[in-house]
Protein chains: 2
Amino acid sequence: MKALQIVVIGGVAAGASFAARARRLDESAHITVIERGPDVSFANCGLPYHIGGEIPTRDVLAVQTPASLKALLNLNVRTMSEATSIDRSGKRVLVRDLASGQSEWLHYDKLMLAPGAAPVTPSLPGIEDARIFTLRNLVDMDRIAAASESGMRAVVVGGGFIGLEMAEQLYRKGLSVELVQVKPQVLPQLDAKIARMLENELLHNDIGLRLGDQIVRFEGKGEALHCHLATGGVLEADFVVMSIGVRPESGLALDAGLTLGERGHIVVNDFMQTSDLDIYAAGDAVETSERVLGGRSAVPLGGPANRQGRVAADHIFMKERARPYPGSVGTAIVRVFEMAAGITGWCEERLKQAGRNYGTITVNDYQHATYFPGAKPLTLKILWDADTGVLLGAQAAGYEGVDKRLDVLATAITARMKVEELCHLELAYAPPFGSAKDIVNLAGFAATNVIDGLVDTVEDLPTEKNVQIVDVRGRAVSDASPVPGAINIPFPTLRENLDKLDRDRPVVTVCALGKTSYFASRLLAQNGFDVKSLAGGAKVNINPRNSKKM
Amino acid sequence: MKALQIVVIGGVAAGASFAARARRLDESAHITVIERGPDVSFANCGLPYHIGGEIPTRDVLAVQTPASLKALLNLNVRTMSEATSIDRSGKRVLVRDLASGQSEWLHYDKLMLAPGAAPVTPSLPGIEDARIFTLRNLVDMDRIAAASESGMRAVVVGGGFIGLEMAEQLYRKGLSVELVQVKPQVLPQLDAKIARMLENELLHNDIGLRLGDQIVRFEGKGEALHCHLATGGVLEADFVVMSIGVRPESGLALDAGLTLGERGHIVVNDFMQTSDLDIYAAGDAVETSERVLGGRSAVPLGGPANRQGRVAADHIFMKERARPYPGSVGTAIVRVFEMAAGITGWCEERLKQAGRNYGTITVNDYQHATYFPGAKPLTLKILWDADTGVLLGAQAAGYEGVDKRLDVLATAITARMKVEELCHLELAYAPPFGSAKDIVNLAGFAATNVIDGLVDTVEDLPTEKNVQIVDVRGRAVSDASPVPGAINIPFPTLRENLDKLDRDRPVVTVCALGKTSYFASRLLAQNGFDVKSLAGGAKVNINPRNSKKM
């Protein structure tokens with residue numbers, strides 16, 4: 001058989017994974033990798049951490065070089081080369097050498113498009129200032145690192161994953177940092193109460209938070225760059241990092257007449273084939289099937305990119321034995337100082353917008369047995385299909401073990417588990433690692449209690465005058481941080497104090513974490529009260545930020 | 001409706017969980033908890049850690065008291081009380097007050113047996129010496145803690161979970177510790193190569209390991225207790241902790257004519273009912289259905305105990321709306337100094353003994369991106385049904401993230417996932433938490449490669465003279481720790497050195513972790529060689545212990 005000619009456009013996550021897998025499957029194929037930048041197969045998820053100095057050596061991010069890829073995988077890598085046109089009928093790609101300016105047609109039997117996604121740059125007055133950066137590759141990283149060496153004041157625009165990592169790392173490096181986010185919360189992928197925990201962690205670390213605001217104009221004023229806010233204020237910065245999102249680099253695909261999705265992503269089938277079956281695509285530029293509720297989704301993250309590249313290679317060389325890409329779940333996590341928060345599957349806002357009938361519960365616990373030193377609080381929210389009980393999403397925030405619970409729940413979502421099945425997941429328990437009843441089990445218990453009608457929950461403190469709010473925390477805690485409008489009856493004294501409550505008026509029970517208030521609601525319900533429990537307790541509902549000057 | 005009379009025998013994990021859930025479901029029930037010891041609802045998994053001082057305050061282990069359980073749950077708790085007989089036809093239990101010696105019949109409508117399991121004490125000469133302890137409750141803990149205050153030399157008998165925790169904690173406290181284990185490895189629940197990593201960690205911390213040996217006789221010699229070994233040696237100790245296993249406390253159930261299993265456990269159905277449907281049982285004393293391959297199993301651990309207690313309460317009060325206990329998977333973990341190791345599902349030895357047709361692969365990686373500071377090695381072994389690909393078990397050992405991978409795989413086993421589904425689990429990735437391709441994904445890739453025939457693996461270095469062993473690690477590593485009988489051809493130079501190998505003789509490729517050797521096997525296979533890759537690499541096959549004097 002004649003050796004296959006394979007051209008790969010883009011040599012980072014998806015492209016590099018594709019090429020590596022292709023070589024494992026076929027020693028004879030001619031594989032050429034075209035990369036517009038000077039580097040291939042670098043660790044793009046590590047870029048913010050080198051800027052902040054947490055990853056001290058730059059070398060570790062440059063995972064491979066053209067020479068090492070030649071030696072290890074017999075790949076022909078052309079960096080500083082840009083694919084500018086695809087001749088689909090002729091099965092060739094026009095590649096321009098960015099140094100010489102010369103172009104050349106490369107023949108392909110199979111073409112892989114892994115162009116990635118580019119940071120969005122808004123067309124604002126003053127945006128051309130050289131002190132305004134985006135972060136995509138090692139060159140960008142070096143520029144921002146240099147700016148942060150001399151600068152003292154940074155403005156980060158965008159409160160998504162990269163924006164939060166940048167804010168944290170620049171602060172860690174000693175800069176004062178302002179974070180501007182157009183939405184009223186950071187991480188719009190998460191529901192507001194979970195995101196608020198991260199916001200509190202940012203504030204606690206003296207990151208300036210400008211939520212629900214945006215920059216409308218940049219202005220160079222001598223040494224300083226003035227960032228004019230929509231709300232009227234001005235932030236003075238030595239430099240600005242724009243992280244407001246990415247757009248798929250699908251121009252080449254568009255020009256070639258390949259089908260794009262609504263938001264401009266390259267549409268692929270489950271084997272990563274585009275509308276031209278000899279052209280594959282993978283990574284941040286593509287739209288794939290969505291795994292939780294069907295439909296389509298684009299998840300610009302390293303994990304899917306790498307695995308999609310592998311699927312494409314399998315399909316080329318293993319043919320019908322290849323396994324399809326099963327679709328993306330949308331699992332993501334971010335560390336912000338001591339805290340981590342993340343999501344898997346769908347969030348509540350997204351379910352609402354889709355008109356889905358869902359149930360949700362938020363539980364609080366610790367990452368391991370509380371009697372073992374180092375127990376730290378952890379919050380977990382789960383969402384399920386109200387008709388079937390099937391788990392649809394989960395969000396977690398805390399100091400340790402956030403990633404573990406997200407991974408368990410991502411696996412459960414993938415397996416289409418029902419929330420009641422979370423009750424009996426048999427997770428690894430010894431005091432340093434977990435609890436006899438892990439927070440994932442507790443979430444299952446709580447969800448099942450809701451489904452069984454054993455508890456009615458409210459998501460927010462009631463404002464109706466008629467409702468009796470009963471704070472069942474201990475007296476000292478209640479005195480120190482009172483629940484607005486509540487009377488305090490500590491839970492151990494509740495049975496003997498039922499006469500303090502009016503049986504004809506509804507009750508909402510409140511505790512610190514949402515567990516004792518559930519206990520209290522059971523007690524009251526069986527004594528004839530119309531009672532609901534505040535889900536998540538004071539922790540996720542009584543916002544310390546409200547009492548802090550912003 | 002008349003209030004239900006409920007008697008609970010045993011007030012720790014299963015009994016306490018049962019009673020608490022019962023109260024949530026029914027405010028009116030009369031619930032009496034009988035506990036033989038002086039404490040209820042204590043944190044028994046924490047006992048070793050208080051002995052070693054890692055949990056400094058004793059109070060945190062005594063989670064509840066009879067008074068607190070009265071206030072919180074309206075339970076009548078009788079400590080220092082022993083149930084001595086069950087009159088099933090009269091539906092009453094004879095309870096003896098251990099202080100007064102007086103007995104009293106208590107009526108029950110529903111009875112819960114949660115007696116737990118007792119440490120096994122072998123009938124050896126000298127076993128009655130007061131310096132020989134077992135560990136089950138706070139009283140035992142206090143005794144061992146006192147002995148460890150004055151003693152300098154401890155012998156721990158038994159290399160199971162508790163034995164390892166005791167050895168670690170006593171060493172941490174400053175004692176010299178010898179661990180005697182009758183089997184040739186610690187943790188016989190794990191396969192030998194995974195257990196060996198823990199053994200190396202024990203040796204590295206100067207725990208004396210006596211594997212494949214046992215004590216045949218104790219002898220008090222003045223201040224010292226002489227422990228005579230089967231192999232002829234004598235260990236001198238100030239005290240001994242026996243942790244050779246537990247036996248279910250099913251005597252009361254046996255006397256009452258309830259059905260017991262082959263190994264003496266109380267047999268229950270999926271709602272935790274014994275052969276007398278008004279008598280429930282839960283916790284370490286029971287045998288339930290086994291979740292991975294069916295059949296029966298007894299898992300004496302805190303997680304199952306707590307959840308079984310809950311199931312029983314649900315069945316009493318929620319009737320047909322109660323959900324069954326789905327059976328145990330057998331997930332367990334232990335921390336030994338800096339290392340952790342654990343298992344979920346079935347191990348290889350157990351599958352062999354059951355005559356199952358299984359596949360297995362061992363992969364090595366790191367808990368998170370290697371370019372992020374603090375990356376630590378992690379080993380993962382998975383086992384699957386060779387006919388269906390369904391995951392049957394997993395074992396992991398490493399320094400961080402062991403619990404996370406076990407939990408993901410326990411969830412996958414519960415969901416009856418196939419190993420190929422591990423490839424595309426979308427786990428939470430940011431550099432501090434994981435890798436774009438997590439070790440769980442890698443295990444899926446490796447297993448799929450085996451299933452697809454892309455790689456043939458061997459579990460041990462070949463001894464046949466005819467086989468060419470090719471060490472594809474770098475020259476320096478190979479020189480420093482040579483693979484016996486191998487020739488070294490570093491992987492990047494393999495393509496140009498094929499003529500150094502004899503195409504007519506089989507090849508086994510070896511690298512550090514088992515990944516590059518797989519790459520090399522692909523390269524050689526496509527060049528016409530009959531080649532296998534050593535699974536797990538030098539790491540799990542070239543034992544550093546062999547070169548260390550024991």
# chains A, B, ... in the order shown; residues from 1 in each chain; ligands from 1
$ residues_around --residues "region 509-522 of chain B" --least-positions-apart "5" --cutoff "10 Å" --atoms "only C-alpha atoms" --output "short mmCIF file (atom, residue, chain, number, x, y, z; two decimals) with N, CA, C and O atoms, in the first residue's frame"
data_model
loop_
_atom_site.label_atom_id
_atom_site.label_comp_id
_atom_site.auth_asym_id
_atom_site.auth_seq_id
_atom_site.Cartn_x
_atom_site.Cartn_y
_atom_site.Cartn_z
N ALA A 20 0.77 12.14 16.83
CA ALA A 20 1.42 11.09 17.62
C ALA A 20 0.68 9.76 17.47
O ALA A 20 1.27 8.72 17.24
N ARG A 21 -0.65 9.82 17.59
CA ARG A 21 -1.43 8.60 17.47
C ARG A 21 -1.33 8.03 16.05
O ARG A 21 -1.22 6.82 15.86
N ARG A 23 1.16 8.21 14.05
CA ARG A 23 2.44 7.52 13.90
C ARG A 23 2.43 6.16 14.60
O ARG A 23 2.96 5.18 14.08
N ARG A 24 1.82 6.08 15.79
CA ARG A 24 1.75 4.77 16.46
C ARG A 24 1.03 3.74 15.59
O ARG A 24 1.31 2.57 15.63
N LEU A 25 0.05 4.24 14.83
CA LEU A 25 -0.77 3.32 14.05
C LEU A 25 -0.15 3.02 12.70
O LEU A 25 -0.49 2.02 12.07
N ASP A 26 0.71 3.89 12.23
CA ASP A 26 1.27 3.68 10.90
C ASP A 26 2.67 4.27 10.81
O ASP A 26 2.84 5.48 10.80
N GLU A 27 3.64 3.39 10.71
CA GLU A 27 5.04 3.81 10.62
C GLU A 27 5.35 4.43 9.26
O GLU A 27 6.27 5.22 9.13
N LEU A 72 11.35 11.23 17.71
CA LEU A 72 10.43 10.35 18.40
C LEU A 72 9.35 9.78 17.50
O LEU A 72 8.96 8.63 17.63
N LEU A 73 8.86 10.64 16.60
CA LEU A 73 7.66 10.27 15.85
C LEU A 73 7.83 10.36 14.34
O LEU A 73 6.88 10.13 13.60
N ILE B 361 -4.09 -4.30 32.73
CA ILE B 361 -2.99 -3.44 32.29
C ILE B 361 -2.60 -2.55 33.46
O ILE B 361 -3.44 -2.20 34.29
N THR B 362 -1.33 -2.23 33.53
CA THR B 362 -0.84 -1.32 34.57
C THR B 362 -0.22 -0.12 33.88
O THR B 362 0.59 -0.28 32.97
N VAL B 363 -0.62 1.08 34.28
CA VAL B 363 -0.05 2.29 33.69
C VAL B 363 0.55 3.18 34.78
O VAL B 363 0.11 3.15 35.93
N ASN B 364 1.56 3.92 34.40
CA ASN B 364 2.21 4.85 35.31
C ASN B 364 2.12 6.25 34.75
O ASN B 364 2.29 6.46 33.55
N ASP B 365 1.86 7.20 35.61
CA ASP B 365 1.87 8.59 35.17
C ASP B 365 2.06 9.45 36.41
O ASP B 365 2.64 9.00 37.40
N PRO B 377 4.61 10.65 41.11
CA PRO B 377 4.23 9.46 40.33
C PRO B 377 3.03 8.71 40.92
O PRO B 377 2.79 8.72 42.12
N THR B 379 0.62 5.04 40.07
CA THR B 379 0.49 3.79 39.32
C THR B 379 -0.95 3.31 39.40
O THR B 379 -1.56 3.35 40.47
N LEU B 442 -5.55 7.29 30.30
CA LEU B 442 -4.42 6.49 29.80
C LEU B 442 -4.67 5.00 30.00
O LEU B 442 -4.35 4.18 29.14
N ALA B 446 -4.70 2.30 27.10
CA ALA B 446 -3.82 1.11 27.15
C ALA B 446 -4.66 -0.17 27.05
O ALA B 446 -4.31 -1.10 26.32
N ASN B 449 -5.90 -0.55 23.55
CA ASN B 449 -4.82 -1.01 22.68
C ASN B 449 -4.63 -2.52 22.80
O ASN B 449 -4.38 -3.21 21.81
N LEU B 454 -3.28 -3.92 19.34
CA LEU B 454 -2.22 -2.99 18.94
C LEU B 454 -0.96 -3.20 19.76
O LEU B 454 0.12 -2.74 19.39
N VAL B 455 -1.10 -3.84 20.89
CA VAL B 455 0.07 -4.11 21.72
C VAL B 455 -0.15 -5.45 22.42
O VAL B 455 -1.28 -5.81 22.76
N ASP B 456 0.94 -6.18 22.54
CA ASP B 456 0.95 -7.38 23.35
C ASP B 456 1.80 -7.05 24.56
O ASP B 456 2.90 -6.49 24.41
N THR B 457 1.31 -7.36 25.74
CA THR B 457 2.12 -7.04 26.92
C THR B 457 2.53 -8.32 27.63
O THR B 457 1.88 -9.35 27.52
N VAL B 458 3.63 -8.20 28.35
CA VAL B 458 4.01 -9.25 29.30
C VAL B 458 4.02 -8.62 30.68
O VAL B 458 4.30 -7.43 30.83
N LEU B 461 9.41 -9.71 33.27
CA LEU B 461 10.55 -9.81 32.37
C LEU B 461 10.72 -11.26 31.94
O LEU B 461 10.65 -12.17 32.76
N GLN B 468 14.92 -11.31 22.95
CA GLN B 468 15.75 -10.11 23.01
C GLN B 468 15.04 -9.06 23.86
O GLN B 468 13.94 -8.61 23.51
N ILE B 469 15.64 -8.70 24.96
CA ILE B 469 15.05 -7.65 25.81
C ILE B 469 15.67 -6.32 25.39
O ILE B 469 16.89 -6.17 25.41
N VAL B 470 14.82 -5.38 24.96
CA VAL B 470 15.33 -4.09 24.49
C VAL B 470 14.90 -3.00 25.47
O VAL B 470 13.71 -2.72 25.64
N ASP B 471 15.89 -2.42 26.12
CA ASP B 471 15.66 -1.32 27.05
C ASP B 471 15.72 -0.03 26.25
O ASP B 471 16.78 0.36 25.75
N VAL B 472 14.57 0.65 26.11
CA VAL B 472 14.51 1.85 25.25
C VAL B 472 14.67 3.14 26.04
O VAL B 472 14.41 4.23 25.52
N ARG B 473 15.07 3.05 27.31
CA ARG B 473 15.30 4.27 28.09
C ARG B 473 16.59 4.95 27.63
O ARG B 473 17.38 4.38 26.88
N GLY B 474 16.79 6.15 28.10
CA GLY B 474 18.01 6.87 27.77
C GLY B 474 19.24 6.16 28.32
O GLY B 474 19.15 5.37 29.26
N VAL B 477 20.13 6.63 32.21
CA VAL B 477 19.23 5.89 33.11
C VAL B 477 19.53 4.40 33.04
O VAL B 477 19.58 3.70 34.06
N SER B 478 19.73 3.94 31.83
CA SER B 478 19.98 2.52 31.63
C SER B 478 21.29 2.09 32.28
O SER B 478 21.38 1.02 32.89
N VAL B 483 18.52 -2.98 33.09
CA VAL B 483 17.53 -4.06 33.08
C VAL B 483 18.29 -5.36 32.80
O VAL B 483 18.99 -5.45 31.80
N ALA B 486 19.21 -7.03 29.17
CA ALA B 486 18.71 -6.19 28.09
C ALA B 486 19.84 -5.53 27.31
O ALA B 486 20.92 -5.30 27.83
N ILE B 487 19.54 -5.21 26.03
CA ILE B 487 20.41 -4.27 25.32
C ILE B 487 19.69 -2.94 25.31
O ILE B 487 18.47 -2.87 25.27
N ASN B 488 20.47 -1.88 25.40
CA ASN B 488 19.90 -0.53 25.47
C ASN B 488 19.92 0.14 24.09
O ASN B 488 20.97 0.33 23.49
N ILE B 489 18.73 0.44 23.57
CA ILE B 489 18.61 1.28 22.36
C ILE B 489 17.62 2.38 22.71
O ILE B 489 16.41 2.15 22.70
N PRO B 490 18.11 3.57 23.05
CA PRO B 490 17.18 4.66 23.42
C PRO B 490 16.14 4.86 22.32
O PRO B 490 16.47 4.84 21.13
N PHE B 491 14.90 5.10 22.72
CA PHE B 491 13.80 5.14 21.76
C PHE B 491 14.04 6.09 20.59
O PHE B 491 13.75 5.74 19.44
N PRO B 492 14.53 7.32 20.84
CA PRO B 492 14.69 8.23 19.69
C PRO B 492 15.67 7.71 18.64
O PRO B 492 15.69 8.22 17.51
N LEU B 494 15.79 4.36 17.84
CA LEU B 494 15.38 3.00 17.50
C LEU B 494 15.22 2.78 16.00
O LEU B 494 15.67 1.77 15.45
N ARG B 495 14.57 3.77 15.32
CA ARG B 495 14.32 3.58 13.88
C ARG B 495 15.61 3.34 13.10
O ARG B 495 15.62 2.58 12.14
N ASN B 527 7.55 -3.04 11.74
CA ASN B 527 8.73 -3.41 10.99
C ASN B 527 8.93 -4.92 10.97
O ASN B 527 10.03 -5.42 10.70
N PHE B 529 8.61 -7.25 13.49
CA PHE B 529 9.09 -7.99 14.66
C PHE B 529 7.94 -8.62 15.43
O PHE B 529 6.82 -8.09 15.47
N ASP B 530 8.22 -9.73 16.07
CA ASP B 530 7.32 -10.34 17.06
C ASP B 530 7.68 -9.70 18.40
O ASP B 530 8.72 -10.03 18.98
N VAL B 531 6.85 -8.79 18.86
CA VAL B 531 7.28 -7.94 19.98
C VAL B 531 6.19 -7.81 21.04
O VAL B 531 5.00 -7.77 20.74
N LYS B 532 6.64 -7.78 22.29
CA LYS B 532 5.74 -7.52 23.41
C LYS B 532 6.35 -6.39 24.25
O LYS B 532 7.56 -6.18 24.26
N SER B 533 5.48 -5.70 24.97
CA SER B 533 5.92 -4.59 25.82
C SER B 533 5.75 -4.98 27.29
O SER B 533 4.74 -5.59 27.66
N LEU B 534 6.73 -4.65 28.12
CA LEU B 534 6.63 -4.98 29.55
C LEU B 534 5.68 -3.99 30.22
O LEU B 534 5.98 -2.80 30.36
N ALA B 535 4.51 -4.49 30.65
CA ALA B 535 3.49 -3.62 31.25
C ALA B 535 3.99 -3.02 32.58
O ALA B 535 4.53 -3.73 33.42
N GLY B 536 3.80 -1.72 32.71
CA GLY B 536 4.20 -1.07 33.96
C GLY B 536 5.68 -0.69 34.01
O GLY B 536 6.09 0.03 34.90
N GLY B 537 6.46 -1.20 33.06
CA GLY B 537 7.85 -0.80 32.96
C GLY B 537 8.72 -1.25 34.13
O GLY B 537 8.31 -2.07 34.96
N ALA B 538 9.92 -0.67 34.17
CA ALA B 538 10.86 -1.01 35.24
C ALA B 538 10.28 -0.67 36.60
O ALA B 538 10.54 -1.33 37.60
N LYS B 539 9.41 0.34 36.62
CA LYS B 539 8.91 0.82 37.90
C LYS B 539 8.24 -0.26 38.74
O LYS B 539 8.48 -0.35 39.93
N VAL B 540 7.39 -1.05 38.12
CA VAL B 540 6.68 -2.05 38.92
C VAL B 540 7.30 -3.44 38.79
O VAL B 540 6.83 -4.38 39.42
N ASN B 541 8.34 -3.54 37.94
CA ASN B 541 8.90 -4.88 37.71
C ASN B 541 10.34 -5.05 38.19
O ASN B 541 10.77 -6.17 38.43
N ILE B 542 11.08 -3.97 38.23
CA ILE B 542 12.44 -4.05 38.72
C ILE B 542 12.38 -3.57 40.17
O ILE B 542 12.29 -2.37 40.44
#
$ residues_around --residues "region 279-287 of chain A" --least-positions-apart "4" --cutoff "8 Å" --atoms "only C-alpha atoms" --output "PyMOL selection string"
chain A and resi 13-15+110-117+247-250+261+265-268+272-275+296-302+304-306+308-309+312
$ select_by_dssp --residues "region 73-306 of chain B" --states "alpha helix (DSSP H)" --output "NGL selection string"
:B and (73 or 138-150 or 161-172 or 192-204 or 251-255 or 302-306)
$ write_last_selection --atoms "C-alpha atoms" --output "mmCIF file, in the first residue's frame"
data_model
loop_
_atom_site.group_PDB
_atom_site.id
_atom_site.type_symbol
_atom_site.label_atom_id
_atom_site.label_comp_id
_atom_site.auth_asym_id
_atom_site.auth_seq_id
_atom_site.Cartn_x
_atom_site.Cartn_y
_atom_site.Cartn_z
ATOM 1 C CA LEU B 73 -32.566 12.569 68.136
ATOM 2 C CA LEU B 138 -11.801 3.993 72.669
ATOM 3 C CA VAL B 139 -10.855 1.842 75.671
ATOM 4 C CA ASP B 140 -8.500 -0.240 73.528
ATOM 5 C CA MET B 141 -7.140 2.964 72.051
ATOM 6 C CA ASP B 142 -6.387 4.428 75.469
ATOM 7 C CA ARG B 143 -4.559 1.251 76.495
ATOM 8 C CA ILE B 144 -2.369 1.200 73.397
ATOM 9 C CA ALA B 145 -1.737 4.923 73.660
ATOM 10 C CA ALA B 146 -0.588 4.452 77.267
ATOM 11 C CA ALA B 147 1.670 1.553 76.298
ATOM 12 C CA SER B 148 3.184 3.602 73.479
ATOM 13 C CA GLU B 149 3.952 6.440 75.894
ATOM 14 C CA SER B 150 6.273 4.263 77.943
ATOM 15 C CA PHE B 161 -5.357 -1.844 56.641
ATOM 16 C CA ILE B 162 -5.413 -1.444 60.432
ATOM 17 C CA GLY B 163 -2.014 -3.094 60.833
ATOM 18 C CA LEU B 164 -0.453 -0.659 58.374
ATOM 19 C CA GLU B 165 -2.101 2.349 60.002
ATOM 20 C CA MET B 166 -0.908 1.179 63.432
ATOM 21 C CA ALA B 167 2.645 0.585 62.202
ATOM 22 C CA GLU B 168 2.758 4.039 60.643
ATOM 23 C CA GLN B 169 1.310 5.806 63.644
ATOM 24 C CA LEU B 170 3.513 4.061 66.210
ATOM 25 C CA TYR B 171 6.599 4.847 64.139
ATOM 26 C CA ARG B 172 5.440 8.442 63.791
ATOM 27 C CA ALA B 192 1.601 -8.171 44.736
ATOM 28 C CA LYS B 193 3.220 -5.489 42.570
ATOM 29 C CA ILE B 194 0.958 -2.747 43.906
ATOM 30 C CA ALA B 195 1.421 -3.960 47.479
ATOM 31 C CA ARG B 196 5.163 -3.923 46.944
ATOM 32 C CA MET B 197 5.109 -0.149 46.535
ATOM 33 C CA LEU B 198 3.694 0.134 50.030
ATOM 34 C CA GLU B 199 6.253 -2.324 51.312
ATOM 35 C CA ASN B 200 9.026 -0.177 49.869
ATOM 36 C CA GLU B 201 7.494 2.863 51.553
ATOM 37 C CA LEU B 202 7.430 1.001 54.878
ATOM 38 C CA LEU B 203 11.054 -0.075 54.482
ATOM 39 C CA HIS B 204 12.037 3.425 53.435
ATOM 40 C CA GLY B 251 -23.259 -15.110 68.241
ATOM 41 C CA LEU B 252 -26.516 -13.532 69.364
ATOM 42 C CA ALA B 253 -27.966 -13.940 65.867
ATOM 43 C CA LEU B 254 -26.815 -17.562 65.741
ATOM 44 C CA ASP B 255 -28.387 -18.309 69.128
ATOM 45 C CA GLY B 302 -17.440 2.320 57.706
ATOM 46 C CA GLY B 303 -18.975 3.443 54.426
ATOM 47 C CA PRO B 304 -21.116 0.369 53.774
ATOM 48 C CA ALA B 305 -22.059 0.152 57.486
ATOM 49 C CA ASN B 306 -23.445 3.687 57.569
#
$ atom_distance --atom1 "CA of His30 (chain A)" --atom2 "CA of Phe317 (chain A)"
13.1 Å
$ interface_residues --of "chain A" --to "chain B" --cutoff "7 Å" --atoms "only C-alpha atoms" --output "PyMOL selection string"
chain A and resi 24+27+45-46+55+60-61+71-72+302-303+306+329+331-334+371-373+403-404+406-408+410-412+415+425-431+433+436-437+492+519+522-523+526
$ closest_residue --among "B:Gln395, B:Thr259, B:Asn76, B:Ser123" --to "Leu378 (chain B)" --atoms "only C-alpha atoms"
B:Gln395
$ residues_around --residues "Arg350 (chain B)" --least-positions-apart "5" --cutoff "12 Å" --atoms "only C-alpha atoms" --output "list in words"
Pro188, Gln189, Leu190, Asp191, Leu293, Gly345, Gly355, Arg356, Asn357, Tyr358, Leu383, Leu392 and Gly393 of chain B
$ write_last_selection --atoms "N, CA, C and O atoms" --output "compact mmCIF listing (two decimals), in the first residue's frame"
# COMPACT_ATOMS: atom_id res chain seq x y z
N PRO B 188 -3.18 -8.23 51.39
CA PRO B 188 -3.47 -9.31 50.43
C PRO B 188 -4.66 -9.00 49.53
O PRO B 188 -4.85 -9.67 48.51
N GLN B 189 -5.43 -7.98 49.86
CA GLN B 189 -6.52 -7.55 48.97
C GLN B 189 -5.97 -7.01 47.65
O GLN B 189 -6.67 -6.95 46.64
N LEU B 190 -4.72 -6.53 47.69
CA LEU B 190 -4.11 -5.95 46.49
C LEU B 190 -3.20 -6.97 45.82
O LEU B 190 -2.71 -7.91 46.46
N ASP B 191 -2.96 -6.77 44.53
CA ASP B 191 -2.03 -7.63 43.84
C ASP B 191 -0.61 -7.27 44.25
O ASP B 191 -0.32 -6.15 44.66
N LEU B 293 -19.58 -8.78 40.53
CA LEU B 293 -19.81 -10.01 39.79
C LEU B 293 -20.93 -10.84 40.38
O LEU B 293 -21.09 -12.02 40.05
N GLY B 345 -13.33 -2.93 43.62
CA GLY B 345 -13.69 -4.11 42.84
C GLY B 345 -12.77 -5.28 43.12
O GLY B 345 -12.22 -5.39 44.21
N GLY B 355 -11.73 -18.29 38.40
CA GLY B 355 -11.69 -18.83 37.05
C GLY B 355 -12.21 -17.89 35.98
O GLY B 355 -12.68 -18.32 34.93
N ARG B 356 -12.13 -16.61 36.24
CA ARG B 356 -12.65 -15.62 35.30
C ARG B 356 -11.66 -15.33 34.18
O ARG B 356 -10.45 -15.34 34.39
N ASN B 357 -12.16 -15.06 33.02
CA ASN B 357 -11.36 -14.68 31.86
C ASN B 357 -11.24 -13.15 31.86
O ASN B 357 -12.18 -12.46 31.51
N TYR B 358 -10.09 -12.66 32.27
CA TYR B 358 -9.95 -11.21 32.47
C TYR B 358 -8.77 -10.67 31.69
O TYR B 358 -7.86 -11.40 31.31
N LEU B 383 -8.53 -3.96 35.70
CA LEU B 383 -8.86 -5.33 35.30
C LEU B 383 -10.25 -5.32 34.67
O LEU B 383 -11.12 -4.60 35.13
N LEU B 392 -13.78 -4.55 35.96
CA LEU B 392 -14.05 -5.39 37.14
C LEU B 392 -13.30 -4.93 38.38
O LEU B 392 -13.68 -5.28 39.50
N GLY B 393 -12.23 -4.21 38.19
CA GLY B 393 -11.47 -3.81 39.36
C GLY B 393 -10.37 -2.83 39.01
O GLY B 393 -10.00 -2.68 37.84
$ atom_distance --atom1 "CA of Asp385 (chain A)" --atom2 "CA of Ala447 (chain A)"
11.2 Å
$ residues_around --residues "Lys91 (chain A)" --least-positions-apart "5" --cutoff "9 Å" --atoms "only C-alpha atoms" --output "list in words"
Ile86, Leu106, His107, Tyr108, Asp109, Lys110, Leu111 and Asp278 of chain A
$ select_by_dssp --residues "region 94-226 of chain A" --states "strand (DSSP E or B)" --output "PyMOL selection string"
chain A and resi 94-97+103-107+110-113+117-119+132-133+153-157+176-181+208-211+215-221+224-226
$ residues_around --residues "region 215-218 of chain A" --least-positions-apart "4" --cutoff "6 Å" --atoms "only C-alpha atoms" --output "list in words"
Leu124, Pro125, Gly126, His226, Cys227, His228, Leu229 and Ala230 of chain A
$ write_last_selection --atoms "C-alpha atoms" --output "CSV table (one decimal), in the first residue's frame"
chain,number,residue,atom,x,y,z
A,124,LEU,CA,-12.6,49.6,21.5
A,125,PRO,CA,-11.0,53.0,21.2
A,126,GLY,CA,-7.3,52.7,22.2
A,226,HIS,CA,-6.3,54.6,31.6
A,227,CYS,CA,-9.1,52.1,31.3
A,228,HIS,CA,-12.4,53.9,31.2
A,229,LEU,CA,-15.3,51.9,32.7
A,230,ALA,CA,-18.9,51.9,31.5
